[in-house]
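Chemist: coords36.txt is reproduced below (compact mmCIF, C-alpha atoms).
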# COMPACT_ATOMS: atom_id res chain seq x y z
CA MET A 1 65.46 87.93 80.45
CA PHE A 2 62.31 88.59 82.45
CA CYS A 3 64.42 88.76 85.62
CA VAL A 4 66.87 91.21 84.03
CA ALA A 5 64.03 93.39 82.75
CA ALA A 6 62.37 93.42 86.16
CA LEU A 7 65.62 94.39 87.83
CA THR A 8 66.13 97.21 85.36
CA LEU A 9 62.67 98.57 86.14
CA LEU A 10 63.40 98.25 89.85
CA ALA A 11 66.57 100.32 89.48
CA LEU A 12 64.87 102.95 87.31
CA SER A 13 62.00 103.29 89.77
CA GLY A 14 64.39 103.99 92.64
CA ALA A 15 62.96 101.13 94.67
CA GLU A 16 65.19 99.76 97.40
CA ALA A 17 67.08 96.55 96.99
CA SER A 18 67.83 94.73 100.31
CA ASP A 19 69.80 92.91 102.94
CA GLY A 20 69.32 91.86 106.49
CA VAL A 21 72.14 93.98 107.90
CA GLY A 22 70.75 97.49 107.96
CA ASN A 23 71.29 98.71 104.41
CA GLY A 24 67.57 99.17 103.91
CA ARG A 25 67.35 96.27 101.47
CA LYS A 26 65.13 93.20 101.72
CA PHE A 27 65.94 89.90 100.05
CA ASP A 28 63.87 86.76 99.78
CA VAL A 29 66.81 84.36 100.26
CA PRO A 30 66.02 81.84 103.01
CA ALA A 31 69.21 79.79 102.67
CA ILE A 32 72.61 79.37 101.01
CA PHE A 33 74.02 75.99 99.98
CA SER A 34 77.72 76.03 99.13
CA PHE A 35 79.89 73.49 97.32
CA GLY A 36 83.57 73.48 96.49
CA ASP A 37 87.04 73.64 98.01
CA SER A 38 88.89 75.63 100.71
CA THR A 39 87.52 78.92 99.36
CA ALA A 40 84.13 77.79 100.65
CA ASP A 41 84.94 75.19 103.33
CA ALA A 42 83.40 76.25 106.65
CA GLY A 43 84.93 73.32 108.52
CA THR A 44 84.10 70.12 106.62
CA ASN A 45 87.60 68.65 106.78
CA THR A 46 87.60 68.91 110.56
CA PHE A 47 85.07 66.08 110.64
CA LEU A 48 86.88 63.72 108.26
CA ALA A 49 88.75 60.79 109.76
CA ASN A 50 91.89 61.32 107.65
CA PRO A 51 91.73 64.70 105.87
CA ALA A 52 94.35 65.87 103.40
CA PHE A 53 94.26 69.40 104.87
CA LEU A 54 93.23 70.79 108.24
CA ALA A 55 92.80 74.24 109.78
CA ASN A 56 91.24 73.40 113.15
CA PHE A 57 94.06 74.84 115.23
CA THR A 58 95.43 78.25 116.15
CA PRO A 59 96.10 80.79 114.79
CA TYR A 60 93.37 80.04 112.20
CA GLY A 61 90.16 81.90 113.00
CA GLN A 62 91.79 84.55 115.17
CA THR A 63 90.18 87.62 113.59
CA TYR A 64 86.42 87.14 113.78
CA PHE A 65 85.67 83.90 115.59
CA HIS A 66 88.66 84.18 117.95
CA ARG A 67 89.07 80.44 117.64
CA PRO A 68 89.79 77.94 114.87
CA THR A 69 86.67 76.85 112.96
CA GLY A 70 88.23 74.76 110.22
CA ARG A 71 88.21 77.67 107.77
CA PHE A 72 91.50 78.22 105.96
CA THR A 73 91.76 81.89 106.84
CA ASP A 74 92.01 84.20 109.84
CA GLY A 75 88.25 84.80 109.96
CA ARG A 76 85.29 84.62 107.61
CA LEU A 77 85.12 83.36 104.05
CA TRP A 78 83.38 85.21 101.24
CA ILE A 79 80.36 82.91 101.57
CA ASP A 80 80.08 83.92 105.25
CA PHE A 81 79.91 87.58 104.26
CA LEU A 82 77.35 86.68 101.62
CA ALA A 83 75.23 84.87 104.20
CA GLN A 84 75.40 87.83 106.58
CA GLU A 85 74.38 90.19 103.77
CA PHE A 86 71.17 88.15 103.53
CA GLY A 87 70.63 88.22 107.28
CA LEU A 88 71.64 84.57 107.62
CA PRO A 89 74.13 83.06 110.07
CA VAL A 90 77.65 82.26 108.93
CA MET A 91 77.95 78.94 107.16
CA ARG A 92 78.08 75.63 109.01
CA ALA A 93 79.57 72.38 107.74
CA TYR A 94 77.21 69.57 106.82
CA LEU A 95 79.51 66.99 108.41
CA ASP A 96 79.38 68.79 111.77
CA PRO A 97 77.41 66.28 113.90
CA SER A 98 76.12 69.07 116.15
CA PHE A 99 74.42 70.87 113.24
CA LYS A 100 71.14 69.57 111.85
CA ASP A 101 69.01 72.66 111.08
CA TYR A 102 69.36 73.11 107.34
CA THR A 103 66.55 75.63 106.88
CA LYS A 104 69.04 78.50 106.50
CA GLY A 105 71.50 76.55 104.41
CA VAL A 106 74.60 74.45 104.93
CA ASP A 107 78.12 74.13 103.57
CA PHE A 108 79.37 70.99 101.79
CA ALA A 109 82.74 72.30 100.56
CA SER A 110 85.94 70.44 101.40
CA SER A 111 89.45 71.91 101.33
CA GLY A 112 91.57 70.25 98.66
CA SER A 113 88.59 68.86 96.77
CA GLY A 114 87.96 69.00 93.05
CA ASN A 115 85.58 67.81 90.39
CA PHE A 116 87.35 64.57 89.49
CA GLU A 117 88.11 61.36 91.32
CA THR A 118 91.63 61.59 89.86
CA THR A 119 92.19 64.84 91.81
CA LYS A 120 91.20 63.04 94.99
CA THR A 121 93.39 60.02 94.27
CA MET A 122 96.34 62.27 93.41
CA LEU A 123 96.04 63.93 96.81
CA ALA A 124 95.81 60.53 98.47
CA ALA A 125 98.98 59.43 96.68
CA ILE A 126 100.88 62.56 97.72
CA PHE A 127 99.65 62.66 101.33
CA GLY A 128 99.68 59.00 102.27
CA GLY A 129 96.02 58.13 101.77
CA ARG A 130 94.57 61.32 103.21
CA THR A 131 91.25 62.30 101.71
CA VAL A 132 88.75 65.05 100.86
CA VAL A 133 85.07 65.23 99.89
CA ASN A 134 84.85 65.74 96.14
CA THR A 135 82.02 67.46 94.28
CA ASP A 136 80.06 64.30 93.50
CA GLU A 137 80.06 63.36 97.18
CA GLN A 138 79.02 66.88 98.15
CA ILE A 139 76.00 66.66 95.86
CA ARG A 140 75.06 63.33 97.44
CA HIS A 141 75.18 65.07 100.81
CA PHE A 142 72.87 67.76 99.45
CA ARG A 143 70.33 65.11 98.50
CA GLN A 144 70.38 63.94 102.10
CA VAL A 145 69.77 67.53 103.23
CA LYS A 146 66.85 67.82 100.82
CA ALA A 147 65.33 64.65 102.26
CA SER A 148 65.75 66.10 105.77
CA LEU A 149 64.07 69.35 104.74
CA ILE A 150 61.12 67.44 103.29
CA ARG A 151 60.72 65.52 106.53
CA THR A 152 60.93 68.76 108.54
CA LEU A 153 58.93 71.16 106.39
CA GLY A 154 56.85 68.98 104.12
CA LYS A 155 57.36 68.53 100.39
CA THR A 156 55.74 71.78 99.23
CA ALA A 157 57.45 74.07 101.73
CA ALA A 158 60.82 72.38 101.18
CA ALA A 159 60.50 72.82 97.42
CA ARG A 160 59.73 76.51 97.89
CA LEU A 161 62.72 77.00 100.18
CA LEU A 162 65.06 75.25 97.72
CA ALA A 163 63.77 77.30 94.78
CA ARG A 164 64.34 80.61 96.61
CA SER A 165 67.76 79.72 98.00
CA ILE A 166 71.15 80.54 96.47
CA TYR A 167 73.63 77.82 95.51
CA VAL A 168 77.35 78.42 95.16
CA PHE A 169 80.02 76.41 93.35
CA SER A 170 83.57 77.48 94.24
CA THR A 171 85.79 74.83 92.69
CA GLY A 172 88.36 74.08 90.00
CA SER A 173 91.69 75.29 91.33
CA ASN A 174 92.61 71.94 92.89
CA ASP A 175 91.82 70.13 89.66
CA ILE A 176 94.28 72.44 87.93
CA SER A 177 96.96 72.37 90.65
CA TRP A 178 96.90 68.85 92.07
CA GLY A 179 94.95 67.13 89.35
CA TYR A 180 96.85 68.44 86.33
CA LEU A 181 99.98 70.51 86.91
CA LEU A 182 101.32 68.00 89.44
CA ASN A 183 100.02 64.98 87.55
CA ALA A 184 102.27 63.95 84.65
CA THR A 185 99.77 61.34 83.48
CA MET A 186 96.99 63.90 83.03
CA GLN A 187 99.39 66.19 81.15
CA GLN A 188 100.18 63.36 78.74
CA ILE A 189 96.50 62.66 78.12
CA TYR A 190 95.08 66.21 77.97
CA THR A 191 96.22 69.61 76.81
CA PRO A 192 95.42 72.54 79.16
CA ASP A 193 92.55 73.47 76.87
CA GLN A 194 91.12 69.96 76.96
CA PHE A 195 91.52 69.64 80.71
CA THR A 196 89.83 72.94 81.52
CA THR A 197 86.99 71.93 79.21
CA ARG A 198 86.65 68.76 81.30
CA ILE A 199 86.26 70.90 84.43
CA ILE A 200 83.64 73.02 82.68
CA ASN A 201 81.73 69.94 81.56
CA SER A 202 81.85 68.51 85.07
CA LEU A 203 80.38 71.74 86.43
CA TYR A 204 77.72 71.58 83.72
CA ASP A 205 76.70 68.14 84.98
CA SER A 206 76.82 69.20 88.65
CA VAL A 207 74.61 72.24 88.13
CA GLN A 208 72.10 70.13 86.22
CA GLU A 209 72.00 67.67 89.10
CA LEU A 210 71.20 70.46 91.55
CA TYR A 211 68.62 71.92 89.18
CA ALA A 212 66.90 68.52 89.04
CA GLU A 213 66.70 68.65 92.85
CA GLY A 214 64.98 72.06 92.80
CA ALA A 215 67.81 74.62 92.67
CA LYS A 216 67.04 77.75 90.62
CA LYS A 217 69.58 80.43 91.64
CA ILE A 218 73.17 79.36 91.11
CA VAL A 219 76.53 81.17 91.35
CA ILE A 220 79.65 79.72 89.72
CA ASN A 221 82.79 81.25 91.20
CA GLY A 222 85.52 82.02 88.67
CA LEU A 223 89.13 81.37 89.60
CA GLY A 224 91.75 83.85 90.75
CA PRO A 225 95.48 83.95 89.87
CA ILE A 226 96.50 80.75 91.66
CA GLY A 227 99.98 81.04 90.21
CA CYS A 228 100.52 84.03 92.52
CA LEU A 229 99.75 82.18 95.75
CA PRO A 230 102.63 82.36 98.28
CA GLY A 231 103.32 78.64 97.91
CA ASN A 232 103.68 78.95 94.15
CA VAL A 233 105.69 82.18 94.21
CA LYS A 234 108.04 80.56 96.73
CA SER A 235 108.77 77.73 94.31
CA ASN A 236 109.30 80.09 91.37
CA ASN A 237 111.97 82.49 92.64
CA GLY A 238 109.46 85.14 93.69
CA SER A 239 107.46 85.26 90.47
CA CYS A 240 103.95 84.06 89.74
CA VAL A 241 103.74 80.63 88.10
CA GLU A 242 102.35 81.55 84.71
CA PRO A 243 101.29 78.05 83.55
CA ALA A 244 98.94 77.96 86.55
CA ASN A 245 97.64 81.47 85.87
CA ASN A 246 97.20 80.69 82.20
CA MET A 247 95.07 77.65 83.01
CA THR A 248 92.86 79.62 85.38
CA LYS A 249 92.36 82.28 82.71
CA LEU A 250 91.57 79.55 80.20
CA PHE A 251 88.99 78.09 82.59
CA ASN A 252 87.46 81.52 83.24
CA SER A 253 87.22 82.23 79.51
CA LYS A 254 84.86 79.25 79.17
CA LEU A 255 82.42 80.36 81.87
CA PRO A 256 80.28 82.60 79.59
CA GLU A 257 79.49 79.69 77.29
CA LEU A 258 78.85 77.44 80.30
CA GLN A 259 76.38 79.96 81.69
CA GLN A 260 74.59 80.17 78.35
CA ARG A 261 74.41 76.39 77.95
CA LEU A 262 73.03 75.93 81.44
CA THR A 263 70.46 78.71 81.06
CA LEU A 264 69.11 76.99 77.95
CA LYS A 265 69.22 73.54 79.52
CA CYS A 266 67.61 74.59 82.81
CA PRO A 267 64.46 76.63 82.09
CA GLY A 268 63.38 78.85 84.96
CA SER A 269 66.88 78.94 86.42
CA PHE A 270 69.08 82.01 87.00
CA ILE A 271 72.76 81.19 86.68
CA ILE A 272 75.53 83.74 87.08
CA PHE A 273 79.31 83.59 87.37
CA THR A 274 82.01 85.68 88.97
CA ASP A 275 85.03 87.17 87.21
CA LYS A 276 87.45 88.24 89.93
CA TYR A 277 90.78 87.39 88.29
CA ASP A 278 91.85 90.92 87.32
CA PHE A 279 90.55 92.39 90.58
CA VAL A 280 92.57 89.98 92.74
CA GLU A 281 95.67 90.10 90.55
CA ASN A 282 95.71 93.89 90.75
CA ILE A 283 95.44 93.76 94.55
CA ILE A 284 98.33 91.27 94.74
CA LYS A 285 100.57 93.40 92.54
CA ASN A 286 99.39 96.87 93.49
CA GLY A 287 96.98 96.79 96.40
CA SER A 288 97.94 100.02 98.17
CA GLU A 289 94.54 101.56 97.35
CA TYR A 290 93.06 99.01 99.76
CA GLY A 291 95.90 99.12 102.27
CA PHE A 292 97.65 95.98 101.06
CA THR A 293 101.44 96.08 100.91
CA LYS A 294 102.52 92.44 101.12
CA GLY A 295 101.39 91.01 97.79
CA SER A 296 102.21 87.31 97.66
CA THR A 297 103.73 87.09 101.15
CA ALA A 298 101.51 85.29 103.66
CA CYS A 299 100.88 86.49 107.20
CA CYS A 300 101.32 83.00 108.66
CA GLY A 301 103.82 80.32 107.69
CA THR A 302 107.49 79.56 107.18
CA GLY A 303 110.00 79.76 104.36
CA ALA A 304 110.24 82.33 101.60
CA PHE A 305 107.03 84.36 101.37
CA ASN A 306 105.79 82.23 104.30
CA GLY A 307 104.82 79.84 101.53
CA ASP A 308 105.67 76.44 102.96
CA LEU A 309 102.78 74.01 102.59
CA GLY A 310 100.87 73.45 105.84
CA ALA A 311 103.35 75.41 108.00
CA CYS A 312 100.88 77.87 109.57
CA GLY A 313 100.03 76.61 113.05
CA ALA A 314 102.83 74.03 113.25
CA VAL A 315 104.25 73.46 116.73
CA ASP A 316 106.98 71.28 118.21
CA ALA A 317 106.53 68.55 120.83
CA ASN A 318 106.43 71.17 123.57
CA GLY A 319 103.75 73.23 121.85
CA THR A 320 106.17 75.96 120.79
CA ALA A 321 105.18 77.70 117.57
CA LEU A 322 107.39 76.87 114.58
CA TYR A 323 105.79 79.41 112.28
CA ASN A 324 105.97 83.13 111.60
CA LEU A 325 102.86 85.20 112.32
CA CYS A 326 102.40 88.84 111.36
CA PRO A 327 101.29 91.25 114.12
CA LYS A 328 97.50 91.61 114.30
CA GLU A 329 97.79 95.33 113.69
CA LYS A 330 99.60 94.58 110.41
CA LEU A 331 97.24 91.87 109.17
CA GLY A 332 95.33 94.34 107.03
CA GLU A 333 98.41 94.73 104.84
CA TYR A 334 98.33 91.06 103.80
CA VAL A 335 96.43 89.64 100.85
CA PHE A 336 97.16 86.08 101.97
CA TRP A 337 96.74 84.43 105.34
CA ASP A 338 98.78 81.29 104.67
CA TYR A 339 100.51 79.49 101.77
CA ALA A 340 97.41 79.40 99.58
CA HIS A 341 94.47 81.17 101.19
CA PRO A 342 93.35 84.82 101.38
CA THR A 343 92.81 86.86 104.50
CA GLU A 344 89.33 87.74 105.72
CA LYS A 345 89.96 91.27 104.46
CA LEU A 346 90.35 90.10 100.87
CA TYR A 347 87.35 87.80 101.17
CA HIS A 348 85.32 90.77 102.39
CA LEU A 349 86.34 92.87 99.39
CA VAL A 350 85.60 90.04 96.98
CA SER A 351 82.19 89.39 98.53
CA GLY A 352 81.40 93.07 98.02
CA ILE A 353 82.00 92.97 94.27
CA TYR A 354 80.07 89.70 94.05
CA MET A 355 77.12 91.21 95.88
CA ASN A 356 77.00 94.65 94.29
CA GLY A 357 79.54 94.81 91.47
CA GLY A 358 78.85 95.57 87.84
CA THR A 359 79.22 93.30 84.84
CA LYS A 360 83.01 93.66 84.89
CA TYR A 361 83.00 91.25 87.84
CA MET A 362 79.58 89.58 87.77
CA LYS A 363 77.92 88.20 84.68
CA PRO A 364 75.23 88.65 83.58
CA PHE A 365 74.32 90.40 86.87
CA ASN A 366 75.38 90.42 90.52
CA ILE A 367 74.22 88.37 93.49
CA SER A 368 71.98 91.05 94.99
CA GLN A 369 70.15 91.13 91.64
CA LEU A 370 70.07 87.32 91.54
CA ALA A 371 68.32 87.43 94.91
CA HIS A 372 65.42 89.33 93.32
CA CYS A 373 64.91 86.78 90.55
If you took the structure in this file and wrote it as C-alpha cells, what would it be?

Modeler:
Amino acid sequence: MFCVAALTLLALSGAEASDGVGNGRKFDVPAIFSFGDSTADAGTNTFLANPAFLANFTPYGQTYFHRPTGRFTDGRLWIDFLAQEFGLPVMRAYLDPSFKDYTKGVDFASSGSGNFETTKTMLAAIFGGRTVVNTDEQIRHFRQVKASLIRTLGKTAAARLLARSIYVFSTGSNDISWGYLLNATMQQIYTPDQFTTRIINSLYDSVQELYAEGAKKIVINGLGPIGCLPGNVKSNNGSCVEPANNMTKLFNSKLPELQQRLTLKCPGSFIIFTDKYDFVENIIKNGSEYGFTKGSTACCGTGAFNGDLGACGAVDANGTALYNLCPKEKLGEYVFWDYAHPTEKLYHLVSGIYMNGGTKYMKPFNISQLAHC
C-alpha cells in the first residue's frame, strides 16, 4: 500500500517516471530474471542434449536478430522488450555456456516446460524421451546464479541487486495443454477447476521460494486464449478450442487471490499479474486497428492455418524448405509466427500494456510502477 500511495503522489506531482531508452524516465531495475515456457525462452532449449522443441534454425529470428537465437518467434519476446525498456540487454539463456555475467539478469525459461513433473513426462512420452527444463529445475538454476552473484559482488551487494530486480513467471499453458487436455489420466483424477488450482498452488510455492532467496518484485503472466493458436484451430475445423480457452480463463480468474495470498505471505514484496486474455483475443478476432488481418493463421508452417506442429523451418535432405513463409512485408499482418507462438509485433504490443497499461491489463499496477517500488 505504501508503494501504491507513493506512486499516486508521483503521478499527481507530475514527476517523470523512467526508462533507459529515451523516454525521459529513470528506473532502478538492475536486472530481470525470467522463468517459464516458450513465451519467455531466450534460447534455453538450444543447449539441451535432447530437447522436446527447438527453434535454433531459420527462419526463426529473422526480424530483429537476423539469425535464429532459439526464441520461438521471428524476433524479440515480450521480456526482451521489457529488458530494453529498462536499458538492459535482451535476455540471455542461463544454459548458454558462453554467458556468465548475471549482473543484468538471465533467462531460465524452457519451451514446452510446465510446473509439474507429469507435464514433463507427458512430453517425453509423446516425443520419444525428449525433455525440457521445468519450473523446479529453473529455480535450482537461479540458486546457482545467486551463488555466482555473491562470489562476484559480495553478499551485501548481491542481496541489494536481487531485491531491486524484477522476476517474471510466464508459465501454465503447457500444463493445461500437454499436462491435462492431452493426458487422459489427469482428466480422470482432476476436474479443470481442481487442475488449475494445482497450477496456482505450484506458482504460490515457486514465488515463495524466490522470495526466500531475496526476490521482492515479481510479475506473474496471465494466460492468453491458447485455444485460438493456429495448431488448435487447425484441429478444430477453423474454430478456437473452447475447452482450452475455458481452462485458461479459469486459471486467470484465480490470479487475484494468488496475488493477495502471496502479498500477505511475503512481507515487503510487490507482486503483480498480467491480464492480457481479452486484449489478445480481440486482436486475433478483430485486429485491424493494429494492422493484423490473419487472425489464427501463422506466417510460417504447413497445413491448414500453417498450424502443423514443428513445421516452420523444416527442410528436406537437400536443404529445400518444406514450409510456407509469409513475405516479410506482410509479416505485420500476422498475429502468430508459427503453430503456437506470436510474432514479435504482438509481443511488442503486449509488452507495452504490461509496462504502461492500466488496471484492465495489469493488477494491481503496471510494471513501470512496480519498478518504482

Chemist: Excluding A:Pro89 and residues on its chain fewer than 4 positions from it, collect all residues at most 10 Å away from it, counting all atoms listed in the file, and give them as a PyMOL selection string.

Modeler: chain A and resi 31-32+80-85+104-105

Chemist: Hey, which of A:Lys328, A:Lys234, A:Lys345, A:Lys363 ends up closest to A:Pro59? Count all atoms listed in the file.

Modeler: A:Lys328

Chemist: For a quick check of understanding, using all atoms listed in the file, which of A:Arg92, A:Lys26, A:Lys146, A:Lys294 has the smallest distance to A:Ser368?

Modeler: A:Lys26

Chemist: Do a neighbour search on stretch 240-250 of chain A at 6 Å with only C-alpha atoms, toss out local chain neighbours closer than 6 positions, and write the hits as an mmCIF file with C-alpha atoms, in the coordinates of the input.

Modeler:
data_model
loop_
_atom_site.group_PDB
_atom_site.id
_atom_site.type_symbol
_atom_site.label_atom_id
_atom_site.label_comp_id
_atom_site.auth_asym_id
_atom_site.auth_seq_id
_atom_site.Cartn_x
_atom_site.Cartn_y
_atom_site.Cartn_z
ATOM 1 C CA LEU A 223 89.130 81.370 89.600
ATOM 2 C CA PRO A 225 95.480 83.950 89.870
ATOM 3 C CA ILE A 226 96.500 80.750 91.660
ATOM 4 C CA GLY A 227 99.980 81.040 90.210
ATOM 5 C CA CYS A 228 100.520 84.030 92.520
ATOM 6 C CA VAL A 233 105.690 82.180 94.210
#

Chemist: Which residue out of A:Ser98, A:Thr39, A:Ser177, A:Thr103 has the minimum interatomic distance to A:Leu346 when only C-alpha atoms are used?

Modeler: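 Counting only C-alpha atoms, the residue closest to A:Leu346 is A:Thr39.
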
Chemist: Anything within 10 Å of (85.8, 63.9, 97.3): list those residues as a PDB file with C-alpha atoms, in the coordinates of the input, counting only C-alpha atoms and sticking to the file's coordinates.

Modeler:
ATOM      1  CA  GLY A  36      83.570  73.480  96.490  1.00  0.00           C
ATOM      2  CA  ASP A  37      87.040  73.640  98.010  1.00  0.00           C
ATOM      3  CA  ALA A 109      82.740  72.300 100.560  1.00  0.00           C
ATOM      4  CA  SER A 110      85.940  70.440 101.400  1.00  0.00           C
ATOM      5  CA  SER A 111      89.450  71.910 101.330  1.00  0.00           C
ATOM      6  CA  GLY A 112      91.570  70.250  98.660  1.00  0.00           C
ATOM      7  CA  SER A 113      88.590  68.860  96.770  1.00  0.00           C
ATOM      8  CA  GLY A 114      87.960  69.000  93.050  1.00  0.00           C
ATOM      9  CA  ASN A 115      85.580  67.810  90.390  1.00  0.00           C
ATOM     10  CA  PHE A 116      87.350  64.570  89.490  1.00  0.00           C
ATOM     11  CA  GLU A 117      88.110  61.360  91.320  1.00  0.00           C
ATOM     12  CA  THR A 118      91.630  61.590  89.860  1.00  0.00           C
ATOM     13  CA  THR A 119      92.190  64.840  91.810  1.00  0.00           C
ATOM     14  CA  LYS A 120      91.200  63.040  94.990  1.00  0.00           C
ATOM     15  CA  THR A 121      93.390  60.020  94.270  1.00  0.00           C
ATOM     16  CA  THR A 131      91.250  62.300 101.710  1.00  0.00           C
ATOM     17  CA  VAL A 132      88.750  65.050 100.860  1.00  0.00           C
ATOM     18  CA  VAL A 133      85.070  65.230  99.890  1.00  0.00           C
ATOM     19  CA  ASN A 134      84.850  65.740  96.140  1.00  0.00           C
ATOM     20  CA  THR A 135      82.020  67.460  94.280  1.00  0.00           C
ATOM     21  CA  ASP A 136      80.060  64.300  93.500  1.00  0.00           C
ATOM     22  CA  GLU A 137      80.060  63.360  97.180  1.00  0.00           C
ATOM     23  CA  GLN A 138      79.020  66.880  98.150  1.00  0.00           C
TER      24      GLN A 138
END

Chemist: Would you work out the distance separating atom CA of A:Ser173 from atom CA of A:Asn366, expressed in Å to one decimal?

Modeler: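 Between atom CA of A:Ser173 and atom CA of A:Asn366 the gap is 22.3 Å.
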
Chemist: Would you work out the distance separating atom CA of A:Pro97 from atom CA of A:His66, expressed in Å to one decimal?

Modeler: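 Distance reported for this atom pair: 21.5 Å.
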
Chemist: Between A:Gly291, A:Gly319, A:Gly357, A:Gly303, which residue has the minimum interatomic distance to A:Phe279, considering only C-alpha atoms?

Modeler: A:Gly357

Chemist: At a cut-off of 12 Å, using only C-alpha atoms, what residues contact A:Cys266? Leave out same-chain residues fewer than 2 positions from it and give the result as number ranges by chain.

Modeler: A: 204-205, 207-218, 258-264, 268-271

Chemist: So what do you get for atom CA of A:Ala40 versus atom CA of A:Tyr167, distance-wise?

Modeler: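 Pair atom CA of A:Ala40 / atom CA of A:Tyr167 returns 11.7 Å.
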
Chemist: Closest to A:Phe65 among A:Glu344, A:Ala163, A:Glu257, A:Asn318, using only C-alpha atoms?

Modeler: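 That would be A:Glu344, the residue with the smallest distance to A:Phe65.
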
Chemist: Go through A:Ile176, A:Ile283, A:Val219, A:Met362 and flag the residue nearest A:Arg198, using only C-alpha atoms for the distances.

Modeler: A:Ile176

Chemist: Counting all atoms listed in the file, note down every residue that has an atom within 7 Å of the point (103.9, 75.5, 110.4) (file coordinates), as a list in words.

Modeler: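 The residues near that point, listed by chain and number, are Gly301, Thr302, Gly310, Ala311, Cys312, Gly313, Ala314, Val315, Leu322 and Tyr323 of chain A.
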
Chemist: At a cut-off of 7 Å, using all atoms listed in the file, what residues contact A:Cys299? Leave out same-chain residues fewer than 6 positions from it and give the result as an MDAnalysis selection string.

Modeler: chainID A and resid 325:326 331 334 336:338

Chemist: Excluding same-chain residues fewer than 3 positions from A:Gly75, what lies within 8 Å of it counting all atoms listed in the file, as JSON, numbers by chain?

Modeler: {"A": [60, 61, 62, 63, 64, 65, 71, 343, 344]}
